[in-house]
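The structure file target.cif is reproduced below (mmCIF, C-alpha atoms).
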data_query
loop_
_atom_site.label_atom_id
_atom_site.label_comp_id
_atom_site.auth_asym_id
_atom_site.auth_seq_id
_atom_site.Cartn_x
_atom_site.Cartn_y
_atom_site.Cartn_z
CA MET A 1 16.61 11.99 29.12
CA ALA A 2 14.23 14.56 30.64
CA GLU A 3 10.68 14.44 29.29
CA PHE A 4 7.79 16.90 29.56
CA ILE A 5 4.19 16.48 28.36
CA THR A 6 1.96 19.53 27.82
CA THR A 7 -1.38 20.61 26.42
CA GLU A 8 -1.22 23.85 24.45
CA MET A 9 -3.99 26.45 24.50
CA HIS A 10 -4.44 30.14 23.81
CA THR A 11 -6.81 32.83 25.00
CA GLY A 12 -7.10 35.78 22.66
CA GLY A 13 -3.78 34.77 21.13
CA GLU A 14 -1.96 34.64 24.47
CA PRO A 15 -0.36 31.19 24.87
CA LEU A 16 -0.98 28.85 27.76
CA ARG A 17 1.28 25.82 28.10
CA ILE A 18 -0.36 23.46 30.61
CA ILE A 19 2.35 21.22 32.06
CA GLU A 20 1.09 17.69 32.65
CA LYS A 21 4.31 15.72 33.14
CA GLY A 22 7.93 16.52 33.95
CA TYR A 23 7.82 18.19 37.37
CA PRO A 24 8.17 16.27 40.63
CA ASP A 25 5.82 16.86 43.55
CA ILE A 26 6.51 20.39 44.80
CA PRO A 27 7.32 20.67 48.53
CA GLY A 28 5.45 23.36 50.45
CA ALA A 29 2.39 23.60 52.68
CA THR A 30 0.89 26.49 50.69
CA ILE A 31 0.91 27.48 47.05
CA LEU A 32 3.19 30.44 47.86
CA GLU A 33 5.64 28.09 49.60
CA LYS A 34 5.58 25.84 46.54
CA ILE A 35 6.47 28.81 44.33
CA GLN A 36 9.40 29.62 46.59
CA THR A 37 10.60 26.03 46.29
CA MET A 38 10.41 26.28 42.51
CA LYS A 39 12.35 29.55 42.55
CA ASN A 40 15.07 27.99 44.68
CA THR A 41 15.44 24.58 43.07
CA MET A 42 13.52 24.24 39.78
CA GLU A 43 14.35 27.24 37.63
CA ASP A 44 15.92 24.93 35.06
CA LYS A 45 12.52 23.41 34.32
CA ARG A 46 10.81 26.79 33.91
CA LYS A 47 13.51 27.96 31.51
CA LEU A 48 13.40 24.72 29.55
CA LEU A 49 9.66 25.09 28.92
CA MET A 50 9.33 28.88 28.62
CA PHE A 51 12.53 29.80 26.77
CA GLU A 52 13.70 28.95 23.27
CA PRO A 53 13.98 26.50 21.58
CA ARG A 54 10.67 25.18 22.99
CA GLY A 55 9.14 28.52 23.90
CA HIS A 56 9.88 32.18 23.23
CA PHE A 57 10.31 35.55 24.94
CA ASP A 58 6.54 35.97 25.44
CA MET A 59 5.71 32.38 26.41
CA TYR A 60 3.38 31.63 29.31
CA GLY A 61 2.69 28.42 31.21
CA VAL A 62 0.94 26.87 34.18
CA LEU A 63 1.66 23.95 36.48
CA LEU A 64 -1.30 22.37 38.25
CA VAL A 65 -0.68 21.41 41.88
CA PRO A 66 -2.74 20.17 44.83
CA PRO A 67 -4.57 23.12 46.43
CA ASP A 68 -4.29 24.10 50.08
CA ILE A 69 -7.74 25.71 50.09
CA PRO A 70 -10.25 22.89 50.77
CA SER A 71 -12.92 24.20 48.40
CA ALA A 72 -10.54 24.42 45.43
CA ASP A 73 -10.57 21.78 42.70
CA VAL A 74 -6.94 22.45 41.80
CA GLY A 75 -4.08 24.85 42.42
CA ALA A 76 -2.32 26.76 39.65
CA ILE A 77 1.25 28.09 39.53
CA PHE A 78 1.83 30.49 36.63
CA MET A 79 5.19 31.01 34.95
CA HIS A 80 6.68 33.27 32.28
CA ASN A 81 9.95 34.75 31.02
CA GLU A 82 10.92 36.29 34.38
CA GLY A 83 9.57 33.87 36.95
CA TYR A 84 6.15 33.36 38.49
CA SER A 85 2.98 35.43 38.74
CA THR A 86 0.24 35.80 41.34
CA MET A 87 -2.75 35.73 38.99
CA CYS A 88 -3.53 35.07 35.34
CA GLY A 89 -6.96 35.79 33.90
CA HIS A 90 -6.30 34.47 30.42
CA ALA A 91 -5.22 31.20 32.03
CA MET A 92 -8.52 31.04 33.96
CA LEU A 93 -10.45 31.26 30.69
CA SER A 94 -8.52 28.37 29.10
CA LEU A 95 -8.06 26.30 32.26
CA GLY A 96 -11.79 26.27 32.94
CA ARG A 97 -12.38 24.36 29.72
CA TYR A 98 -9.36 22.12 30.23
CA LEU A 99 -10.33 21.07 33.76
CA VAL A 100 -13.84 20.09 32.65
CA ASP A 101 -12.67 18.38 29.45
CA LYS A 102 -9.99 16.41 31.30
CA GLU A 103 -12.55 15.42 33.98
CA VAL A 104 -10.51 16.97 36.77
CA VAL A 105 -13.87 18.42 37.78
CA LYS A 106 -16.25 15.51 38.23
CA ASN A 107 -19.93 15.44 37.29
CA PRO A 108 -20.11 18.58 35.08
CA THR A 109 -23.43 20.37 35.01
CA ILE A 110 -25.43 21.96 32.18
CA PRO A 111 -25.50 24.81 31.13
CA GLU A 112 -22.49 25.80 33.26
CA THR A 113 -20.00 23.91 35.38
CA LYS A 114 -18.37 25.58 38.37
CA VAL A 115 -14.59 25.23 38.68
CA ASN A 116 -12.70 26.51 41.74
CA ILE A 117 -9.06 27.30 41.00
CA GLN A 118 -6.62 28.31 43.73
CA CYS A 119 -4.25 30.94 42.37
CA PRO A 120 -1.36 32.42 44.35
CA CYS A 121 -3.56 35.48 44.99
CA GLY A 122 -6.47 33.40 46.30
CA LEU A 123 -9.49 31.34 45.22
CA VAL A 124 -10.99 32.16 41.82
CA GLU A 125 -14.47 30.86 40.95
CA SER A 126 -14.88 30.03 37.27
CA TYR A 127 -17.98 28.98 35.34
CA VAL A 128 -17.62 26.99 32.13
CA LYS A 129 -20.38 26.77 29.53
CA PHE A 130 -21.13 23.11 28.91
CA ASP A 131 -23.86 21.58 26.75
CA GLY A 132 -23.20 17.99 27.76
CA LYS A 133 -20.67 17.44 24.98
CA LYS A 134 -18.55 20.54 24.46
CA THR A 135 -17.18 23.27 26.68
CA GLY A 136 -17.26 26.91 25.62
CA THR A 137 -17.09 30.42 27.03
CA VAL A 138 -15.68 30.78 30.54
CA ARG A 139 -16.32 33.51 33.09
CA PHE A 140 -14.57 33.98 36.40
CA PHE A 141 -15.01 36.07 39.53
CA SER A 142 -11.84 37.82 40.63
CA VAL A 143 -10.32 38.06 44.05
CA PRO A 144 -11.04 41.47 45.64
CA ALA A 145 -9.64 44.14 43.32
CA PHE A 146 -8.79 47.67 44.41
CA LEU A 147 -7.19 50.95 43.41
CA PHE A 148 -3.99 51.10 45.45
CA ALA A 149 -2.91 54.65 44.54
CA LYS A 150 -3.92 57.26 42.00
CA ASP A 151 -2.16 60.06 40.15
CA ILE A 152 1.35 58.86 40.95
CA SER A 153 3.96 60.95 39.13
CA VAL A 154 7.12 59.26 37.93
CA GLU A 155 10.04 60.48 35.83
CA VAL A 156 10.60 57.90 33.10
CA PRO A 157 13.90 58.13 31.19
CA SER A 158 13.37 59.08 27.52
CA TYR A 159 9.65 59.78 28.15
CA GLY A 160 9.59 62.48 30.83
CA LYS A 161 7.07 62.82 33.64
CA ILE A 162 4.29 60.23 33.47
CA THR A 163 1.22 60.01 35.73
CA VAL A 164 -0.16 56.57 36.59
CA ASP A 165 -2.71 54.85 38.76
CA ILE A 166 -1.67 51.67 40.59
CA SER A 167 -4.44 49.09 40.65
CA TYR A 168 -4.69 45.49 41.84
CA GLY A 169 -6.58 42.77 40.00
CA GLY A 170 -4.84 39.73 41.47
CA ALA A 171 -1.54 41.40 40.52
CA PHE A 172 -0.44 45.03 40.76
CA TYR A 173 -0.32 47.12 37.59
CA ALA A 174 0.48 50.69 36.65
CA LEU A 175 -2.25 52.07 34.38
CA VAL A 176 -1.30 54.81 31.93
CA ALA A 177 -2.85 56.32 28.81
CA LEU A 178 -0.84 55.82 25.61
CA SER A 179 -1.15 59.54 24.81
CA GLN A 180 1.19 60.35 27.73
CA TYR A 181 4.02 58.83 25.69
CA LYS A 182 3.03 61.04 22.74
CA MET A 183 1.97 57.94 20.81
CA ASP A 184 -1.25 56.75 19.22
CA ARG A 185 -2.50 53.29 18.28
CA ASN A 186 -0.36 53.32 15.15
CA ALA A 187 2.67 52.88 17.41
CA THR A 188 4.43 49.55 17.04
CA ILE A 189 4.18 46.96 19.79
CA GLN A 190 7.94 47.28 20.32
CA LYS A 191 7.58 51.02 21.04
CA ILE A 192 4.75 50.32 23.48
CA ARG A 193 6.77 47.51 25.07
CA ASP A 194 9.74 49.85 25.57
CA ALA A 195 7.66 52.68 27.06
CA ALA A 196 5.70 50.44 29.42
CA GLY A 197 8.82 48.56 30.49
CA ALA A 198 10.65 51.79 31.24
CA THR A 199 7.67 52.95 33.31
CA THR A 200 7.63 49.74 35.35
CA ASP A 201 11.38 49.99 35.95
CA ALA A 202 11.11 53.62 37.11
CA LEU A 203 8.18 52.91 39.42
CA LYS A 204 9.92 49.97 41.07
CA LYS A 205 12.65 52.35 42.22
CA GLN A 206 10.24 54.68 44.06
CA LEU A 207 7.06 52.73 44.82
CA LYS A 208 6.47 50.68 47.96
CA LEU A 209 3.54 48.28 47.59
CA THR A 210 1.68 46.47 50.35
CA HIS A 211 -0.96 43.77 50.19
CA PRO A 212 -3.61 42.92 52.84
CA ASP A 213 -2.78 39.20 52.84
CA SER A 214 0.86 38.63 52.01
CA GLU A 215 4.02 40.55 51.18
CA ASP A 216 4.71 37.85 48.58
CA LEU A 217 1.89 39.43 46.54
CA ALA A 218 3.17 43.01 46.95
CA PHE A 219 5.17 43.67 43.80
CA LEU A 220 4.56 45.60 40.60
CA TYR A 221 3.86 43.05 37.87
CA GLY A 222 3.75 45.41 34.92
CA THR A 223 2.32 48.45 33.16
CA ILE A 224 -0.90 48.50 31.16
CA VAL A 225 -1.03 51.08 28.40
CA THR A 226 -4.63 52.10 27.60
CA ASP A 227 -6.58 54.28 25.19
CA GLY A 228 -7.62 56.44 28.15
CA LYS A 229 -11.30 55.59 27.75
CA ASP A 230 -11.97 55.02 31.43
CA GLN A 231 -15.48 56.52 31.63
CA TYR A 232 -18.16 53.83 31.23
CA SER A 233 -19.23 53.38 27.64
CA GLU A 234 -20.55 50.62 25.42
CA ASP A 235 -17.59 51.37 23.15
CA VAL A 236 -14.68 48.94 23.16
CA SER A 237 -11.66 50.07 25.21
CA TRP A 238 -8.20 49.04 24.02
CA ASN A 239 -5.12 48.22 26.09
CA VAL A 240 -1.75 46.46 25.97
CA CYS A 241 -0.35 44.79 29.08
CA VAL A 242 3.44 44.61 29.38
CA PHE A 243 4.37 42.41 32.33
CA ALA A 244 7.23 40.43 33.87
CA GLU A 245 10.44 41.03 31.87
CA ARG A 246 8.69 43.23 29.25
CA GLU A 247 6.49 40.38 28.08
CA VAL A 248 3.53 41.51 25.93
CA ASP A 249 0.13 39.94 26.55
CA ARG A 250 -1.60 39.16 23.26
CA SER A 251 -5.02 39.15 24.97
CA PRO A 252 -6.67 42.06 26.79
CA CYS A 253 -5.21 40.51 30.02
CA GLY A 254 -7.73 39.10 32.47
CA SER A 255 -6.13 40.35 35.67
CA GLY A 256 -5.37 43.60 33.84
CA VAL A 257 -8.96 44.33 32.89
CA THR A 258 -9.89 43.39 36.47
CA ALA A 259 -7.48 46.09 37.66
CA ARG A 260 -8.94 48.56 35.14
CA ILE A 261 -12.49 47.90 36.36
CA ALA A 262 -11.33 48.40 39.98
CA GLN A 263 -9.74 51.71 38.98
CA GLN A 264 -12.85 52.86 37.13
CA TYR A 265 -15.19 51.78 39.92
CA THR A 266 -13.19 53.56 42.61
CA ARG A 267 -13.11 56.71 40.46
CA ASN A 268 -16.92 56.52 40.05
CA LEU A 269 -16.62 55.97 36.31
CA ILE A 270 -18.60 52.71 36.26
CA LYS A 271 -21.44 51.20 38.32
CA ILE A 272 -22.11 47.71 39.60
CA GLY A 273 -23.38 45.52 36.77
CA GLN A 274 -22.25 47.71 33.89
CA ILE A 275 -20.41 45.65 31.28
CA ARG A 276 -17.37 46.87 29.41
CA THR A 277 -15.59 45.27 26.46
CA PHE A 278 -11.79 45.35 26.37
CA GLU A 279 -9.62 44.69 23.33
CA GLY A 280 -6.02 43.51 23.27
CA PRO A 281 -3.29 43.91 20.64
CA THR A 282 -4.57 40.96 18.56
CA SER A 283 -8.08 42.55 18.50
CA SER A 284 -9.29 39.74 20.79
CA LYS A 285 -11.88 40.81 23.35
CA PHE A 286 -12.89 40.13 26.95
CA THR A 287 -15.92 41.50 28.74
CA ALA A 288 -15.75 42.60 32.36
CA LYS A 289 -18.05 44.13 34.96
CA PRO A 290 -17.99 45.00 38.65
CA VAL A 291 -20.42 42.72 40.46
CA LYS A 292 -20.00 43.33 44.19
CA GLU A 293 -18.36 45.87 46.47
CA VAL A 294 -16.35 44.38 49.33
CA THR A 295 -13.93 45.47 52.04
CA TYR A 296 -10.44 44.05 51.69
CA GLY A 297 -8.06 45.04 54.45
CA ASP A 298 -8.16 48.84 54.45
CA TYR A 299 -9.41 49.04 50.86
CA ASN A 300 -12.83 49.51 49.35
CA ALA A 301 -12.58 46.73 46.79
CA VAL A 302 -14.75 45.16 44.14
CA ILE A 303 -15.30 41.68 42.75
CA VAL A 304 -15.03 41.68 38.96
CA GLU A 305 -16.50 39.17 36.52
CA VAL A 306 -14.40 38.57 33.39
CA SER A 307 -15.54 36.51 30.38
CA GLY A 308 -13.74 35.18 27.32
CA ASN A 309 -12.79 32.13 25.28
CA GLY A 310 -9.82 29.80 25.33
CA TYR A 311 -8.93 27.36 22.56
CA TYR A 312 -6.82 24.23 22.17
CA THR A 313 -3.85 24.40 19.81
CA GLY A 314 -2.27 20.99 20.36
CA THR A 315 -0.22 18.76 22.62
CA SER A 316 3.53 18.56 23.01
CA LYS A 317 6.18 16.12 24.17
CA PHE A 318 9.46 17.85 24.95
CA THR A 319 12.78 16.17 25.68
CA LEU A 320 16.25 17.25 26.75
CA GLU A 321 19.28 15.16 25.92
CA GLU A 322 22.06 15.22 28.52
CA GLU A 323 24.68 16.68 26.18
CA ASP A 324 22.37 19.44 24.85
CA LYS A 325 23.53 22.61 26.65
CA ILE A 326 21.70 25.10 24.40
CA GLY A 327 18.52 23.06 24.70
CA LYS A 328 18.30 23.91 28.39
CA GLY A 329 16.82 27.25 27.31
CA PHE A 330 17.88 30.65 26.09
CA LEU A 331 16.41 34.01 25.05
CA LEU A 332 17.63 36.40 22.38
CA SER A 333 16.81 40.02 23.22
#
Spit out the file's structure as C-alpha cells when you get a sec.
Amino acid sequence: MAEFITTEMHTGGEPLRIIEKGYPDIPGATILEKIQTMKNTMEDKRKLLMFEPRGHFDMYGVLLVPPDIPSADVGAIFMHNEGYSTMCGHAMLSLGRYLVDKEVVKNPTIPETKVNIQCPCGLVESYVKFDGKKTGTVRFFSVPAFLFAKDISVEVPSYGKITVDISYGGAFYALVALSQYKMDRNATIQKIRDAAGATTDALKKQLKLTHPDSEDLAFLYGTIVTDGKDQYSEDVSWNVCVFAEREVDRSPCGSGVTARIAQQYTRNLIKIGQIRTFEGPTSSKFTAKPVKEVTYGDYNAVIVEVSGNGYYTGTSKFTLEEEDKIGKGFLLS
C-alpha cells in the first residue's frame, strides 16, 4: 500500500501541501532535470496528491529536494493541477516558517532567520521573523523580475481584442485589467477564471517567450486580472491570478505581485523602496516593493521584496490501496 505523509499550510487561503514522505530520491543533477524526471516517470504521484479525492482542482503542493546551488538550504519543486511551476511566492511565505520550525535551517537567529530556497527559477532569499519560540511573517527577495513585452494585442474568443503586458516574476504572466473584459469586481470567480484562461490560451498560440537562463523557464504560466491601479499609491490594489490549467490562486500570488511590480517599475509608475499592498480574491494581502535594479540578460530587471504570512492547517497521512482505481486521482470539470 502506497503511503504519503504531508504537512498542510496555507498562505492567504492558497493551500500548500508539503510532501514529507512518499517520493523516492529524484534522479537529476539539477532541479530542472529532477522536474523532467518527475514529468516522465512520477506523474501518478502528483495526481494522487493534487487531484481528488485527496486534493481538488485548485490544489497546490511542494516537494523538498537536495539543492544543486551550494548556498541553498533546500530545493523546492512546485506542483499543481497541470504539472510543475518555476516559482511560487505563496509557498515561500509558508515554507520559510516550516523550514525554521522543522529545524531544516540550523541555529535560527532573532529577530529574523535567513532561509535560502532554490526554486526552479533560481535562488530565493527568505527572512523569517523569529522571537526564539515562534515563527511569524516571512519576506523574500525575488529572482530578477522584468517586463518582457508591453501592449501586446490578442484576439480572445468571446471577449474580443485584449491588450496585455507580459511580465516575469519567476514565472511569466499576462497582466490585464478586468475592465477590458467589460467586468467589474462583482464578477464571479468563475467568470474571471474563464476570461483569464481564454486569454492565456490565445496568447500561447501567438507568443514566443525566451528566458535569459533556460528555455525550460520560457512558458506562459497564466494571466493575472487586475483592477488596473498600476500607478503607485498607498491604496490597496486587487488582482486574481489564474495559472496552470485555469487554477485560481486564493492569495494575491507572490510571483504574480513580483511581476506586477516589475511591470510598474519599468513603466516608471513606482520607485525603488515604495511599498504597495496587493489583495487577492479572499481579501488576503501581501506587500511588495522594488528594492534594487539589476541587469538580467538583455533586460533591465528589478529585485522585488514580497512579505506575507503562512499558517499551518494540519498534517495528513494518505494511502492508496492496490485495487483502488478511482483513488489514483481524478478531476471533475
Could you tell me which residues the PyMOL selection byres ((chain A and resi 246) around 8) grabs in this file, written as a list in words?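 Listing what the PyMOL selection byres ((chain A and resi 246) around 8) selects in the shown file: Arg193, Asp194, Ala196, Gly197, Gly222, Val242, Phe243, Ala244, Glu245, Glu247 and Val248 of chain A.
Atom CA of Val257 of chain A to atom CA of Tyr168 of chain A spans 10.0 Å [interatomic distance, one decimal].
Of the residues listed (A:Phe278, A:Phe141, A:Tyr221, A:Phe330), A:Phe330 shows the shortest atom-to-atom separation from Phe57 of chain A; distances use all atoms listed in the file.
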What are the closest atom pairs, with distances in Å to one decimal, for each residue of segment 67-100 of chain A lying within 8 Å of segment 123-131 of chain A, using all atoms listed in the file, rows by chain and rising residue number, as CSV?
residue,atom,partner,partner_atom,distance
A:Ile69,CA,A:Leu123,CA,7.6
A:Ala72,CA,A:Leu123,CA,7.0
A:Met92,CA,A:Ser126,CA,7.2
A:Gly96,CA,A:Val128,CA,5.9
A:Arg97,CA,A:Val128,CA,6.3
A:Val100,CA,A:Val128,CA,7.9
So which residues get picked by the PyMOL selection byres ((chain A and resi 235) around 8) here, written as a list in words?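 Output from the PyMOL selection byres ((chain A and resi 235) around 8), applied to this file: Ser233, Glu234, Val236, Ser237, Arg276 and Thr277 of chain A.
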Result set, the PyMOL selection byres ((chain A and resi 296-303) around 6) on current file, as a PyMOL selection string: chain A and resi 142+144-146+212+290-295+304
